[in-house]
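In what follows, a structure is listed as structure tokens, so that the remarks can point back to it.
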Amino acid sequence: MEVSTGFYDITGLAKLRVEATNDESAAARKVGTQFEALFLQDMLKSMRAAIEPFKDENTESSELDTYQEMFDKEISISMADRGSLGVADWLVNHSNMISAKQESSPKAADAYKPDAYKSDAYKSDVAKTNGQ
């Protein structure tokens with residue numbers, strides 16, 4: 001499993017976009033796994049912050065905090081790879097459900113397209129809604 005090494009990994013985002021055009025389900029799983037890792041990492045960070053007042057003065061240091069953050073990141077990635085919370089599965093199922101709805105309803109599928117707002121049908125719908 002290849003999890004992005006940084007929040008601003010532009011090349012990883014470009015690779016994910018290409019993968020999404022080829023295999024939407026695999027891309028959704030990868031995004032779900034990355035989101036799950038970030039969620040778990042944030043959860044661990046919050047848990048450590050909650051016990052901050054109880055820390056001993058002798059064990060408190062910036063070096064220890066740095067190592068704990070790195071450890072938490074690795075643990076969160078490992079847990080996400082195993083699918084501990086099931087976020088990736090949920091995202092894939094949701095993506096498949098949206099794809100099925102788009103295939104069954106072409107007009108609904110147009111709403112998901114970025115250029116849909118430029119179409120004549122969209123403009124006429126907006127005009128009707130605005131009473132023009």
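Just remember, in the structure tokens the first chain shown is A, the second B, etc., residues are 1-based per chain, and ligands are 1-based in the order shown.
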Close residues, Val92 in chain A itself excluded, 7 Å, only C-alpha atoms, min 3 positions apart in chain, as number ranges by chain: A: 25, 28-29, 88-89, 95-96
Serialized selection, C-alpha atoms, as a CSV table (one decimal), in the first residue's frame:
```csv
chain,number,residue,atom,x,y,z
A,25,SER,CA,-12.9,1.5,-7.5
A,28,ALA,CA,-11.6,5.2,-4.2
A,29,ARG,CA,-10.0,2.4,-2.0
A,88,ALA,CA,-12.0,2.6,2.6
A,89,ASP,CA,-14.7,-0.1,2.2
A,95,SER,CA,-18.6,5.4,-5.1
A,96,ASN,CA,-20.1,2.3,-6.7
```
Might you pull out every residue within 12 Å of range 34-44 of chain A, with only C-alpha atoms counted and same-chain residues fewer than 6 positions away left off, and present them as a tab-separated table (two decimals) with C-alpha atoms, in the first residue's frame?
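Contents of around.tsv, as written:
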```tsv
chain	number	residue	atom	x	y	z
A	1	MET	CA	0.00	0.00	0.00
A	2	GLU	CA	1.42	3.34	-1.03
A	3	VAL	CA	0.29	6.11	1.28
A	4	SER	CA	1.18	9.67	0.41
A	5	THR	CA	4.25	10.89	2.28
A	6	GLY	CA	2.99	14.45	2.62
A	7	PHE	CA	-0.15	16.51	2.54
A	12	GLY	CA	0.81	11.48	-5.80
A	13	LEU	CA	-2.35	13.44	-6.55
A	16	LEU	CA	-4.29	9.17	-8.26
A	27	ALA	CA	-8.65	4.88	-6.60
A	28	ALA	CA	-11.57	5.15	-4.16
A	50	ALA	CA	-5.77	14.55	26.47
A	51	ILE	CA	-3.13	12.96	28.72
A	68	GLN	CA	5.68	9.81	19.35
A	69	GLU	CA	4.28	11.74	16.35
A	70	MET	CA	6.33	9.60	13.96
A	71	PHE	CA	5.22	6.43	15.76
A	72	ASP	CA	1.58	7.53	15.66
A	73	LYS	CA	1.85	8.17	11.91
A	74	GLU	CA	3.28	4.69	11.29
A	75	ILE	CA	0.67	3.05	13.52
A	76	SER	CA	-2.15	4.92	11.77
A	77	ILE	CA	-0.88	3.86	8.34
A	78	SER	CA	-0.58	0.25	9.50
A	79	MET	CA	-4.09	0.29	10.97
A	80	ALA	CA	-5.53	1.90	7.83
A	81	ASP	CA	-3.86	-0.73	5.63
A	82	ARG	CA	-5.66	-3.40	7.63
A	83	GLY	CA	-8.98	-1.59	7.24
A	84	SER	CA	-9.46	-1.23	10.98
A	85	LEU	CA	-12.32	1.28	10.72
A	86	GLY	CA	-13.71	0.28	7.32
A	87	VAL	CA	-13.58	3.79	5.86
A	88	ALA	CA	-12.02	2.57	2.60
A	89	ASP	CA	-14.74	-0.08	2.20
A	90	TRP	CA	-17.45	2.50	2.84
A	91	LEU	CA	-15.95	4.88	0.28
```
Which of A:Lys101, A:Arg48, A:Lys15, A:His94 sits closest to Asp65 in chain A [using only C-alpha atoms]: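 For Asp65 in chain A, the nearest of the candidates is A:Arg48.
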